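First comes the structure, then the notes that go with it.
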Amino acid sequence: MGEQLITSFIAAAGFGVLFNAPRNSLVQCGLVGMLGWVLYFGLAAEGTDTVPATLAGAFLVGGLSQVCAKYYKTPVIIFNVSGIIPLVPGGLAYDAMRNFVENDYNLAVQLAVKAALISGAIAIGLVFSEVINQIIRKAGRTRAIK
C-alpha cells in the first residue's frame with residue numbers, strides 16, 4: 001500500500017508540473033490524486049468492479065478539488081486534471097489498441113469498452129461532484145438570504 005501511495009502522489013504531482021500548475025499547489029495536486037487512487041485501489045481490492053471504483057475515486061477527486069480550490073484560492077481545474085491522472089485507463093487503452101493491431105478483435109473490443117466505461121466514470125464522477133457543490137452553494141445562499 002505504501003508504494004501505491006507514493007507512486008500515485010508522484011504521478012499526480014508530476015502531471016501538475018507538466019500542466020504548469022502553480023508550484024505552491026503541487027503538493028495539494030499530489031494529495032488529491034493520491035487520495036482518489038487510494039479510494040479506487042481500496043474498493044477494487046475489496047472486489048468492487050473497476051468502473052464503480054473509478055466513479056467513487058473521481059467523485060472524491062472532484063470533491064477534494066473543490067475544497068482545495070476554495071481554500072487555496074486556485075482554479076478547480078488545477079486539482080481536477082492532476083488528480084484524475086492516476087485513474088486514467090491508459091494501460092487498458094494501450095492493450096486494446098495492441099490487440100487491434102494483433103488482429104485479436106474480440107479481446108480488443110472488450111478492453112476498449114472497459115476503457116471507455118472507466119473514462120465515462122471519471123467524467124461522471126467529476127461532474128457529479130460539481131453538481132453536489134453547486135447544490136450546497138445554492139442552499140447556503142438561500143439560507144443566508146432568509
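In the C-alpha cells, chains take letters A, B, ... by order of appearance, with residues numbered from 1 within each chain and ligands from 1 in the order shown.
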Task: Contact residues around Leu18 (chain A) with only C-alpha atoms at 12 Å, ignoring same-chain residues under 6 positions, as a ChimeraX atom specification - done: /A:11-12,26,29,78,81-82,85
Same residues, all heavy atoms, saved as a PDB file, in the first residue's frame:
ATOM      1  N   ALA A  11       2.723  10.611  -9.488  1.00  0.00           N
ATOM      2  CA  ALA A  11       2.047  10.743 -10.785  1.00  0.00           C
ATOM      3  C   ALA A  11       1.197  12.007 -10.842  1.00  0.00           C
ATOM      4  O   ALA A  11       1.257  12.769 -11.812  1.00  0.00           O
ATOM      5  CB  ALA A  11       1.187   9.511 -11.044  1.00  0.00           C
ATOM      6  N   ALA A  12       0.400  12.230  -9.805  1.00  0.00           N
ATOM      7  CA  ALA A  12      -0.479  13.403  -9.803  1.00  0.00           C
ATOM      8  C   ALA A  12       0.326  14.699  -9.726  1.00  0.00           C
ATOM      9  O   ALA A  12       0.061  15.644 -10.483  1.00  0.00           O
ATOM     10  CB  ALA A  12      -1.454  13.321  -8.636  1.00  0.00           C
ATOM     11  N   LEU A  26       1.421  22.135  -5.963  1.00  0.00           N
ATOM     12  CA  LEU A  26       1.794  20.796  -6.425  1.00  0.00           C
ATOM     13  C   LEU A  26       1.582  19.730  -5.350  1.00  0.00           C
ATOM     14  O   LEU A  26       1.172  18.607  -5.660  1.00  0.00           O
ATOM     15  CB  LEU A  26       3.237  20.781  -6.914  1.00  0.00           C
ATOM     16  CG  LEU A  26       3.498  21.563  -8.201  1.00  0.00           C
ATOM     17  CD1 LEU A  26       4.971  21.519  -8.550  1.00  0.00           C
ATOM     18  CD2 LEU A  26       2.656  21.023  -9.340  1.00  0.00           C
ATOM     19  N   CYS A  29      -2.055  18.992  -5.319  1.00  0.00           N
ATOM     20  CA  CYS A  29      -2.402  18.192  -6.501  1.00  0.00           C
ATOM     21  C   CYS A  29      -2.040  16.732  -6.274  1.00  0.00           C
ATOM     22  O   CYS A  29      -2.813  15.829  -6.594  1.00  0.00           O
ATOM     23  CB  CYS A  29      -1.669  18.713  -7.737  1.00  0.00           C
ATOM     24  SG  CYS A  29      -2.222  20.307  -8.336  1.00  0.00           S
ATOM     25  N   ILE A  78      -7.046  23.014 -11.830  1.00  0.00           N
ATOM     26  CA  ILE A  78      -5.668  22.673 -11.449  1.00  0.00           C
ATOM     27  C   ILE A  78      -5.644  21.341 -10.700  1.00  0.00           C
ATOM     28  O   ILE A  78      -4.833  20.459 -10.984  1.00  0.00           O
ATOM     29  CB  ILE A  78      -5.069  23.776 -10.542  1.00  0.00           C
ATOM     30  CG1 ILE A  78      -5.029  25.115 -11.245  1.00  0.00           C
ATOM     31  CG2 ILE A  78      -3.723  23.368  -9.983  1.00  0.00           C
ATOM     32  CD1 ILE A  78      -3.965  25.244 -12.271  1.00  0.00           C
ATOM     33  N   VAL A  81      -7.477  18.106 -12.951  1.00  0.00           N
ATOM     34  CA  VAL A  81      -6.661  17.484 -14.007  1.00  0.00           C
ATOM     35  C   VAL A  81      -5.547  16.647 -13.405  1.00  0.00           C
ATOM     36  O   VAL A  81      -5.336  15.499 -13.809  1.00  0.00           O
ATOM     37  CB  VAL A  81      -6.104  18.564 -14.960  1.00  0.00           C
ATOM     38  CG1 VAL A  81      -5.098  17.978 -15.910  1.00  0.00           C
ATOM     39  CG2 VAL A  81      -7.237  19.210 -15.738  1.00  0.00           C
ATOM     40  N   SER A  82      -4.851  17.192 -12.442  1.00  0.00           N
ATOM     41  CA  SER A  82      -3.773  16.425 -11.811  1.00  0.00           C
ATOM     42  C   SER A  82      -4.314  15.251 -11.016  1.00  0.00           C
ATOM     43  O   SER A  82      -3.703  14.181 -10.990  1.00  0.00           O
ATOM     44  CB  SER A  82      -2.960  17.320 -10.880  1.00  0.00           C
ATOM     45  OG  SER A  82      -2.345  18.347 -11.605  1.00  0.00           O
ATOM     46  N   ILE A  85      -5.353  11.883 -12.988  1.00  0.00           N
ATOM     47  CA  ILE A  85      -4.326  11.175 -13.757  1.00  0.00           C
ATOM     48  C   ILE A  85      -4.102   9.742 -13.274  1.00  0.00           C
ATOM     49  O   ILE A  85      -4.035   8.835 -14.103  1.00  0.00           O
ATOM     50  CB  ILE A  85      -3.012  11.990 -13.777  1.00  0.00           C
ATOM     51  CG1 ILE A  85      -3.189  13.254 -14.608  1.00  0.00           C
ATOM     52  CG2 ILE A  85      -1.845  11.171 -14.288  1.00  0.00           C
ATOM     53  CD1 ILE A  85      -3.565  13.028 -16.052  1.00  0.00           C
TER      54      ILE A  85
END
Task: Using only C-alpha atoms: which of A:Pro89, A:Gly120, A:Gly2, A:Gly30 has the shortest distance to Leu64 (chain A) - done: A:Gly30
Task: Nearest-residue call for Trp37 (chain A), choices A:Ala108, A:Val17, A:Leu5, A:Ala69, using only C-alpha atoms - done: A:Leu5
TODO: List the neighbours of Tyr72 (chain A) out to 9 Å using only C-alpha atoms; skip same-chain residues closer than 4 positions along the sequence, and give me the result as a ChimeraX atom specification.
DONE: /A:25,67-68
Would you mind exporting the chosen residues as an mmCIF file, in the first residue's frame, restricted to N, CA and C atoms?
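Below is the file selection.cif, written as the result:
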data_model
loop_
_atom_site.group_PDB
_atom_site.id
_atom_site.type_symbol
_atom_site.label_atom_id
_atom_site.label_comp_id
_atom_site.auth_asym_id
_atom_site.auth_seq_id
_atom_site.Cartn_x
_atom_site.Cartn_y
_atom_site.Cartn_z
ATOM 1 N N SER A 25 0.963 24.761 -5.320
ATOM 2 C CA SER A 25 -0.185 23.855 -5.260
ATOM 3 C C SER A 25 0.159 22.429 -5.691
ATOM 4 N N VAL A 67 -12.717 21.662 -2.579
ATOM 5 C CA VAL A 67 -12.267 22.131 -1.266
ATOM 6 C C VAL A 67 -10.918 22.850 -1.390
ATOM 7 N N CYS A 68 -9.980 22.221 -2.115
ATOM 8 C CA CYS A 68 -8.650 22.831 -2.278
ATOM 9 C C CYS A 68 -8.737 24.151 -3.038
#
Shell of 10 Å around Ile124 (chain A), only C-alpha atoms, local chain residues under 2 positions omitted, as a PDB file with N, CA and C atoms, in the first residue's frame:
ATOM      1  N   THR A  54     -13.762   3.447  -9.936  1.00  0.00           N
ATOM      2  CA  THR A  54     -13.249   4.659 -10.583  1.00  0.00           C
ATOM      3  C   THR A  54     -14.215   5.819 -10.393  1.00  0.00           C
ATOM      4  N   LEU A  55     -15.502   5.545 -10.493  1.00  0.00           N
ATOM      5  CA  LEU A  55     -16.510   6.583 -10.265  1.00  0.00           C
ATOM      6  C   LEU A  55     -16.362   7.171  -8.865  1.00  0.00           C
ATOM      7  N   ALA A  56     -16.192   6.319  -7.868  1.00  0.00           N
ATOM      8  CA  ALA A  56     -16.024   6.796  -6.493  1.00  0.00           C
ATOM      9  C   ALA A  56     -14.732   7.587  -6.347  1.00  0.00           C
ATOM     10  N   ALA A  58     -13.113   9.236  -8.712  1.00  0.00           N
ATOM     11  CA  ALA A  58     -13.253  10.509  -9.421  1.00  0.00           C
ATOM     12  C   ALA A  58     -14.149  11.472  -8.645  1.00  0.00           C
ATOM     13  N   PHE A  59     -15.191  10.950  -8.004  1.00  0.00           N
ATOM     14  CA  PHE A  59     -16.050  11.799  -7.190  1.00  0.00           C
ATOM     15  C   PHE A  59     -15.264  12.397  -6.032  1.00  0.00           C
ATOM     16  N   ILE A 118     -14.604   3.234 -18.065  1.00  0.00           N
ATOM     17  CA  ILE A 118     -13.819   3.859 -17.000  1.00  0.00           C
ATOM     18  C   ILE A 118     -13.660   5.353 -17.257  1.00  0.00           C
ATOM     19  N   SER A 119     -13.422   5.722 -18.511  1.00  0.00           N
ATOM     20  CA  SER A 119     -13.314   7.145 -18.850  1.00  0.00           C
ATOM     21  C   SER A 119     -14.625   7.870 -18.583  1.00  0.00           C
ATOM     22  N   GLY A 120     -15.737   7.228 -18.913  1.00  0.00           N
ATOM     23  CA  GLY A 120     -17.046   7.812 -18.617  1.00  0.00           C
ATOM     24  C   GLY A 120     -17.283   7.939 -17.131  1.00  0.00           C
ATOM     25  N   ALA A 121     -16.818   6.961 -16.365  1.00  0.00           N
ATOM     26  CA  ALA A 121     -16.971   7.021 -14.915  1.00  0.00           C
ATOM     27  C   ALA A 121     -16.184   8.189 -14.329  1.00  0.00           C
ATOM     28  N   ILE A 122     -15.020   8.454 -14.895  1.00  0.00           N
ATOM     29  CA  ILE A 122     -14.227   9.612 -14.442  1.00  0.00           C
ATOM     30  C   ILE A 122     -15.005  10.901 -14.705  1.00  0.00           C
ATOM     31  N   LEU A 126     -16.558  13.471 -11.785  1.00  0.00           N
ATOM     32  CA  LEU A 126     -16.190  14.885 -11.686  1.00  0.00           C
ATOM     33  C   LEU A 126     -17.407  15.794 -11.825  1.00  0.00           C
ATOM     34  N   VAL A 127     -18.294  15.473 -12.766  1.00  0.00           N
ATOM     35  CA  VAL A 127     -19.489  16.298 -12.971  1.00  0.00           C
ATOM     36  C   VAL A 127     -20.421  16.191 -11.759  1.00  0.00           C
ATOM     37  N   PHE A 128     -20.585  14.981 -11.246  1.00  0.00           N
ATOM     38  CA  PHE A 128     -21.464  14.791 -10.090  1.00  0.00           C
ATOM     39  C   PHE A 128     -20.961  15.562  -8.881  1.00  0.00           C
ATOM     40  N   SER A 129     -19.660  15.579  -8.665  1.00  0.00           N
ATOM     41  CA  SER A 129     -19.130  16.341  -7.530  1.00  0.00           C
ATOM     42  C   SER A 129     -19.345  17.838  -7.730  1.00  0.00           C
ATOM     43  N   GLU A 130     -19.258  18.302  -8.972  1.00  0.00           N
ATOM     44  CA  GLU A 130     -19.532  19.718  -9.259  1.00  0.00           C
ATOM     45  C   GLU A 130     -21.003  20.044  -9.009  1.00  0.00           C
TER      46      GLU A 130
END
Open item on the list: Calculated over only C-alpha atoms, which of the candidates A:Ala96, A:Val51, A:Ala139, A:Val131 has the smallest distance to Gln66 (chain A)?
Closed with: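 Answer, going by the shortest atom-to-atom distance: A:Val131.
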- [ ] Enter the distance from CA of Met97 (chain A) to CA of Asp49 (chain A), in Å, rounded to one decimal.
- [x]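 We find that CA of Met97 (chain A) and CA of Asp49 (chain A) lie 22.1 Å from each other.
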Task: d(CA of Gly62 (chain A), CA of Gln110 (chain A)) in Å - done: 27.9 Å
- [ ] Can you work out the spacing between CA of Thr50 (chain A) and CA of Phe15 (chain A) in Å, to one decimal?
- [x]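 Going from CA of Thr50 (chain A) over to CA of Phe15 (chain A) covers 22.5 Å.
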Open item on the list: Which residue is closest to Val76 (chain A)? Choose from A:Gly63, A:Gly14, A:Gly47, A:Gly57 and count only C-alpha atoms.
Closed with: A:Gly63
- [ ] Write out as a PyMOL selection string each polymer residue whose atoms come within 12 Å of Gly91 (chain A), counting only C-alpha atoms; drop sequence neighbours fewer than 3 positions from it.
- [x] chain A and resi 86-88+94-98+111-112+114-115+118
Task: Polymer residues at most 8 Å from Leu31 (chain A), only C-alpha atoms, same-chain spacing of 4 or more positions, as a list of chain:residue names - done: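 Contacts, in chain order: A:Phe9, A:Ala12, A:Val27, A:Leu35, A:Gly83.
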